[in-house]
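Participant: The structure under discussion is supplied below as structure tokens; questions concerning it will follow.
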Amino acid sequence: MAAARKTAESRQFPAKAGDPEAEVGKRSADGSDGMRHAKEFVVTTGGWPDDGESPAHEANKAATVNEAIQRGLHPRGDVSFDGATEHGDGVSTVLAYSVETVPASVDHAPQDTTTPRDVIEGEG
């Protein structure tokens with residue numbers, strides 16, 4: 001019975017079995033790149049600055065961090081704006097963001113987690 005529990009736990013928490021990138025990938029609905037959690041937003045085309053530094057992107061960056069936390073990942077540092085692409089519907093734009101994360105299951109410094117408030121206040 002202990003072996004079955006250990007196998008189930010390693011499937012749910014691959015980071016505990018030594019594969020943190022697999023856990024980030026499983027927990028990131030819009031994809032991941034190594035330890036980076038990715039989040040995409042589909043918006044109507046127009047009005048979105050391409051630099052990612054505008055206050056218009058602030059809410060999306062905070063939401064990226066929030067989603068990572070809700071999915072069992074602890075964000076670290078700044079959220080990056082990874083670019084905008086045309087959506088297949090021809091009238092929308094896909095805005096892509098990502099943030100470095102640590103799976104909560106193996107985080108030994110949870111106090112270093114970047115929160116949505118940190119993003120809004122310019123600290124993450």
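Ordering of the structure tokens sets the chain letters (A, B, ...), residue numbers begin anew at 1 in every chain, and ligands are numbered from 1 in the order given.
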Hey, what's within 9 Å of range 65-75 of chain A if we count only C-alpha atoms and toss same-chain stuff fewer than 2 positions away? As a PyMOL selection string, please?
Facilitator: chain A and resi 23-24+27-28+36-39+60-63+77-79+98-105+107+110+112-116+119
Participant: Given the selection you just returned, output its residues as a file containing N, CA, C and O atoms, formatted as a CSV table (one decimal), in the first residue's frame.
Facilitator:
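Once written, out.csv looks like this:
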chain,number,residue,atom,x,y,z
A,23,GLU,N,6.3,19.2,-13.0
A,23,GLU,CA,5.2,19.7,-12.2
A,23,GLU,C,4.8,21.1,-12.7
A,23,GLU,O,3.6,21.3,-12.8
A,24,VAL,N,5.7,21.9,-13.0
A,24,VAL,CA,5.4,23.3,-13.5
A,24,VAL,C,4.6,23.1,-14.8
A,24,VAL,O,3.5,23.7,-15.0
A,27,ARG,N,1.0,22.0,-14.2
A,27,ARG,CA,0.2,22.9,-13.5
A,27,ARG,C,0.0,24.2,-14.3
A,27,ARG,O,-0.8,25.1,-13.9
A,28,SER,N,0.6,24.3,-15.5
A,28,SER,CA,0.5,25.6,-16.3
A,28,SER,C,-0.5,25.3,-17.5
A,28,SER,O,0.0,24.6,-18.4
A,36,ARG,N,9.3,28.2,-15.9
A,36,ARG,CA,8.4,29.4,-16.1
A,36,ARG,C,7.0,29.0,-16.4
A,36,ARG,O,6.7,28.3,-17.4
A,37,HIS,N,6.1,29.6,-15.6
A,37,HIS,CA,4.6,29.4,-15.8
A,37,HIS,C,4.2,30.4,-16.9
A,37,HIS,O,4.5,31.6,-16.7
A,38,ALA,N,3.5,30.0,-17.9
A,38,ALA,CA,3.0,30.9,-18.9
A,38,ALA,C,1.5,31.1,-18.8
A,38,ALA,O,0.7,30.2,-18.3
A,39,LYS,N,1.1,32.3,-19.1
A,39,LYS,CA,-0.4,32.7,-19.1
A,39,LYS,C,-0.6,33.5,-20.4
A,39,LYS,O,0.1,34.4,-20.7
A,60,ASN,N,-2.8,42.1,-16.1
A,60,ASN,CA,-2.5,40.8,-16.6
A,60,ASN,C,-1.3,40.2,-15.9
A,60,ASN,O,-1.3,39.0,-15.7
A,61,LYS,N,-0.3,41.0,-15.6
A,61,LYS,CA,0.8,40.5,-14.9
A,61,LYS,C,0.4,40.0,-13.5
A,61,LYS,O,0.9,38.9,-13.0
A,62,ALA,N,-0.4,40.7,-12.8
A,62,ALA,CA,-0.9,40.3,-11.5
A,62,ALA,C,-1.7,39.0,-11.6
A,62,ALA,O,-1.6,38.1,-10.7
A,63,ALA,N,-2.5,38.9,-12.6
A,63,ALA,CA,-3.4,37.7,-12.8
A,63,ALA,C,-2.5,36.5,-13.2
A,63,ALA,O,-2.8,35.4,-12.8
A,77,GLY,N,10.0,36.8,-8.5
A,77,GLY,CA,10.5,37.9,-9.3
A,77,GLY,C,9.5,38.5,-10.3
A,77,GLY,O,8.3,38.4,-10.1
A,78,ASP,N,10.0,39.1,-11.3
A,78,ASP,CA,9.2,39.9,-12.2
A,78,ASP,C,8.5,39.0,-13.2
A,78,ASP,O,9.0,38.0,-13.7
A,79,VAL,N,7.3,39.4,-13.6
A,79,VAL,CA,6.5,38.8,-14.7
A,79,VAL,C,7.0,39.4,-16.0
A,79,VAL,O,7.1,40.7,-16.1
A,98,SER,N,4.9,35.4,-18.7
A,98,SER,CA,5.4,34.3,-17.9
A,98,SER,C,6.2,34.8,-16.7
A,98,SER,O,6.6,35.9,-16.6
A,99,VAL,N,6.3,33.9,-15.8
A,99,VAL,CA,7.0,34.2,-14.5
A,99,VAL,C,7.7,32.9,-14.0
A,99,VAL,O,7.2,31.8,-14.2
A,100,GLU,N,8.9,33.1,-13.5
A,100,GLU,CA,9.7,32.0,-12.9
A,100,GLU,C,8.9,31.5,-11.7
A,100,GLU,O,8.4,32.3,-10.9
A,101,THR,N,8.9,30.1,-11.5
A,101,THR,CA,8.1,29.6,-10.4
A,101,THR,C,8.9,28.5,-9.7
A,101,THR,O,9.9,27.9,-10.2
A,102,VAL,N,8.4,28.1,-8.5
A,102,VAL,CA,8.9,27.0,-7.8
A,102,VAL,C,7.7,26.2,-7.4
A,102,VAL,O,6.7,26.8,-6.9
A,103,PRO,N,7.6,24.9,-7.6
A,103,PRO,CA,6.4,24.1,-7.2
A,103,PRO,C,6.3,24.3,-5.6
A,103,PRO,O,7.2,24.1,-4.9
A,104,ALA,N,5.1,24.6,-5.2
A,104,ALA,CA,4.8,24.7,-3.8
A,104,ALA,C,5.2,23.5,-3.0
A,104,ALA,O,5.6,23.5,-1.8
A,105,SER,N,5.1,22.3,-3.6
A,105,SER,CA,5.4,21.0,-3.0
A,105,SER,C,6.8,20.9,-2.5
A,105,SER,O,7.1,20.1,-1.7
A,107,ASP,N,8.9,23.9,-2.2
A,107,ASP,CA,9.4,25.3,-1.9
A,107,ASP,C,9.9,25.4,-0.5
A,107,ASP,O,9.1,25.3,0.5
A,110,PRO,N,9.0,29.8,1.0
A,110,PRO,CA,7.7,30.3,0.5
A,110,PRO,C,7.5,31.8,0.8
A,110,PRO,O,6.8,32.5,0.1
A,112,ASP,N,9.4,34.0,-0.1
A,112,ASP,CA,10.0,34.7,-1.2
A,112,ASP,C,9.0,34.7,-2.4
A,112,ASP,O,9.3,35.2,-3.5
A,113,THR,N,7.8,34.2,-2.2
A,113,THR,CA,6.8,34.1,-3.3
A,113,THR,C,6.3,35.5,-3.7
A,113,THR,O,6.0,36.4,-2.8
A,114,THR,N,6.3,35.8,-5.0
A,114,THR,CA,5.8,37.1,-5.5
A,114,THR,C,4.3,37.0,-5.5
A,114,THR,O,3.7,36.0,-6.1
A,115,THR,N,3.6,38.0,-4.9
A,115,THR,CA,2.2,38.0,-4.9
A,115,THR,C,1.6,39.0,-5.9
A,115,THR,O,2.3,39.8,-6.4
A,116,PRO,N,0.3,38.9,-6.2
A,116,PRO,CA,-0.3,39.9,-7.0
A,116,PRO,C,-0.1,41.3,-6.5
A,116,PRO,O,0.1,42.2,-7.2
A,119,VAL,N,3.2,42.7,-7.5
A,119,VAL,CA,3.2,43.1,-8.9
A,119,VAL,C,2.5,44.5,-9.0
A,119,VAL,O,3.1,45.4,-9.6
Participant: Quick check for you: according to DSSP on this backbone, which residues of range 10-97 of chain A are classed as helix (DSSP H, G or I)? Reply as a CSV table (one decimal) with C-alpha atoms, in the first residue's frame.
Facilitator:
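Dumped everything to result39.csv:
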chain,number,residue,atom,x,y,z
A,10,SER,CA,4.9,11.3,-7.4
A,11,ARG,CA,2.3,11.6,-10.2
A,12,GLN,CA,0.6,14.5,-8.4
A,14,PRO,CA,6.6,15.3,-9.8
A,15,ALA,CA,8.9,17.8,-8.1
A,16,LYS,CA,9.1,15.6,-5.0
A,17,ALA,CA,10.3,12.8,-7.2
A,20,PRO,CA,10.1,20.1,-10.8
A,21,GLU,CA,9.9,21.1,-14.5
A,22,ALA,CA,7.3,18.4,-15.1
A,23,GLU,CA,5.2,19.7,-12.2
A,24,VAL,CA,5.4,23.3,-13.5
A,25,GLY,CA,4.3,21.9,-16.9
A,26,LYS,CA,1.4,19.9,-15.5
A,27,ARG,CA,0.2,22.9,-13.5
A,55,PRO,CA,0.1,50.2,-16.9
A,56,ALA,CA,-2.4,48.5,-19.3
A,57,HIS,CA,-0.4,45.3,-18.7
A,58,GLU,CA,-0.3,45.5,-14.9
A,59,ALA,CA,-3.5,43.6,-14.3
A,60,ASN,CA,-2.5,40.8,-16.6
A,61,LYS,CA,0.8,40.5,-14.9
A,62,ALA,CA,-0.9,40.3,-11.5
A,63,ALA,CA,-3.4,37.7,-12.8
A,64,THR,CA,-0.4,35.6,-14.1
A,65,VAL,CA,1.0,35.5,-10.6
A,66,ASN,CA,-2.4,34.8,-9.1
A,67,GLU,CA,-3.0,31.9,-11.4
A,68,ALA,CA,0.4,30.4,-10.7
A,69,ILE,CA,-0.4,30.5,-7.0
A,70,GLN,CA,-3.8,29.0,-7.5
Participant: Mind giving me the straight-line distance from CA of Glu40 in chain A to CA of Gly88 in chain A in Å, one decimal?
Facilitator: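 Here the two named atoms are 13.9 Å from each other.
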Participant: To one decimal in Å, tell me the separation between CA of Ala109 in chain A and CA of Gly18 in chain A.
Facilitator: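 The value is 17.4 Å.
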Participant: Work out how far apart CA of Thr93 in chain A and CA of Asp33 in chain A are and give it in Å to one decimal.
Facilitator: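 Straight-line distance from CA of Thr93 in chain A to CA of Asp33 in chain A works out to 21.2 Å.
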Participant: Among chain A, which residues does DSSP mark as strand (DSSP E or B) when it is run on the backbone? Keep the chain and numbering as in the structure and answer as an MDAnalysis selection string.
Facilitator: chainID A and resid 32:33 36:44 73:86 92:103
Participant: So that I have them on file, write out the residues from the current selection with N, CA and C atoms, as a CSV table (one decimal), in the first residue's frame.
Facilitator:
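And here is the file that came out, again.csv:
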chain,number,residue,atom,x,y,z
A,32,SER,N,4.4,26.0,-20.4
A,32,SER,CA,5.5,26.4,-19.5
A,32,SER,C,6.8,26.3,-20.3
A,33,ASP,N,7.9,26.9,-19.8
A,33,ASP,CA,9.2,26.8,-20.4
A,33,ASP,C,10.1,26.6,-19.3
A,36,ARG,N,9.3,28.2,-15.9
A,36,ARG,CA,8.4,29.4,-16.1
A,36,ARG,C,7.0,29.0,-16.4
A,37,HIS,N,6.1,29.6,-15.6
A,37,HIS,CA,4.6,29.4,-15.8
A,37,HIS,C,4.2,30.4,-16.9
A,38,ALA,N,3.5,30.0,-17.9
A,38,ALA,CA,3.0,30.9,-18.9
A,38,ALA,C,1.5,31.1,-18.8
A,39,LYS,N,1.1,32.3,-19.1
A,39,LYS,CA,-0.4,32.7,-19.1
A,39,LYS,C,-0.6,33.5,-20.4
A,40,GLU,N,-1.7,33.2,-21.0
A,40,GLU,CA,-2.1,34.0,-22.2
A,40,GLU,C,-3.5,34.6,-22.0
A,41,PHE,N,-3.7,35.8,-22.5
A,41,PHE,CA,-4.9,36.5,-22.4
A,41,PHE,C,-5.3,36.9,-23.8
A,42,VAL,N,-6.6,36.6,-24.2
A,42,VAL,CA,-7.1,37.0,-25.5
A,42,VAL,C,-7.9,38.3,-25.3
A,43,VAL,N,-7.5,39.3,-26.0
A,43,VAL,CA,-8.2,40.6,-25.9
A,43,VAL,C,-8.6,41.1,-27.3
A,44,THR,N,-9.5,42.1,-27.3
A,44,THR,CA,-9.8,42.7,-28.6
A,44,THR,C,-8.6,43.5,-29.1
A,73,LEU,N,1.9,26.7,-7.6
A,73,LEU,CA,3.2,27.2,-8.0
A,73,LEU,C,3.5,28.5,-7.2
A,74,HIS,N,4.7,28.7,-6.8
A,74,HIS,CA,5.1,29.9,-6.1
A,74,HIS,C,6.0,30.8,-7.1
A,75,PRO,N,5.4,31.9,-7.6
A,75,PRO,CA,6.1,32.8,-8.5
A,75,PRO,C,7.3,33.4,-7.8
A,76,ARG,N,8.3,33.7,-8.6
A,76,ARG,CA,9.5,34.4,-8.1
A,76,ARG,C,9.9,35.5,-9.0
A,77,GLY,N,10.0,36.8,-8.5
A,77,GLY,CA,10.5,37.9,-9.3
A,77,GLY,C,9.5,38.5,-10.3
A,78,ASP,N,10.0,39.1,-11.3
A,78,ASP,CA,9.2,39.9,-12.2
A,78,ASP,C,8.5,39.0,-13.2
A,79,VAL,N,7.3,39.4,-13.6
A,79,VAL,CA,6.5,38.8,-14.7
A,79,VAL,C,7.0,39.4,-16.0
A,80,SER,N,7.3,38.6,-17.0
A,80,SER,CA,7.7,39.2,-18.3
A,80,SER,C,6.5,39.2,-19.3
A,81,PHE,N,6.5,40.2,-20.1
A,81,PHE,CA,5.6,40.3,-21.2
A,81,PHE,C,6.3,39.6,-22.3
A,82,ASP,N,5.8,38.5,-22.9
A,82,ASP,CA,6.5,37.7,-23.9
A,82,ASP,C,6.0,38.0,-25.3
A,83,GLY,N,5.1,39.0,-25.4
A,83,GLY,CA,4.7,39.4,-26.8
A,83,GLY,C,3.2,39.2,-27.1
A,84,ALA,N,2.9,39.8,-28.2
A,84,ALA,CA,1.5,39.7,-28.7
A,84,ALA,C,1.5,39.1,-30.1
A,85,THR,N,0.5,38.2,-30.3
A,85,THR,CA,0.3,37.6,-31.6
A,85,THR,C,-1.2,37.7,-32.0
A,86,GLU,N,-1.4,37.6,-33.3
A,86,GLU,CA,-2.8,37.7,-33.7
A,86,GLU,C,-3.5,36.4,-33.4
A,92,SER,N,-8.9,39.4,-32.6
A,92,SER,CA,-8.4,39.4,-31.3
A,92,SER,C,-6.9,39.3,-31.3
A,93,THR,N,-6.3,39.6,-30.1
A,93,THR,CA,-4.9,39.5,-30.0
A,93,THR,C,-4.6,38.6,-28.7
A,94,VAL,N,-3.6,37.8,-28.8
A,94,VAL,CA,-3.2,37.0,-27.7
A,94,VAL,C,-1.9,37.7,-27.0
A,95,LEU,N,-2.1,38.0,-25.8
A,95,LEU,CA,-1.0,38.6,-25.0
A,95,LEU,C,-0.4,37.5,-24.1
A,96,ALA,N,0.9,37.3,-24.2
A,96,ALA,CA,1.6,36.2,-23.5
A,96,ALA,C,2.5,36.8,-22.4
A,97,TYR,N,2.4,36.2,-21.2
A,97,TYR,CA,3.2,36.6,-20.1
A,97,TYR,C,3.8,35.3,-19.4
A,98,SER,N,4.9,35.4,-18.7
A,98,SER,CA,5.4,34.3,-17.9
A,98,SER,C,6.2,34.8,-16.7
A,99,VAL,N,6.3,33.9,-15.8
A,99,VAL,CA,7.0,34.2,-14.5
A,99,VAL,C,7.7,32.9,-14.0
A,100,GLU,N,8.9,33.1,-13.5
A,100,GLU,CA,9.7,32.0,-12.9
A,100,GLU,C,8.9,31.5,-11.7
A,101,THR,N,8.9,30.1,-11.5
A,101,THR,CA,8.1,29.6,-10.4
A,101,THR,C,8.9,28.5,-9.7
A,102,VAL,N,8.4,28.1,-8.5
A,102,VAL,CA,8.9,27.0,-7.8
A,102,VAL,C,7.7,26.2,-7.4
A,103,PRO,N,7.6,24.9,-7.6
A,103,PRO,CA,6.4,24.1,-7.2
A,103,PRO,C,6.3,24.3,-5.6
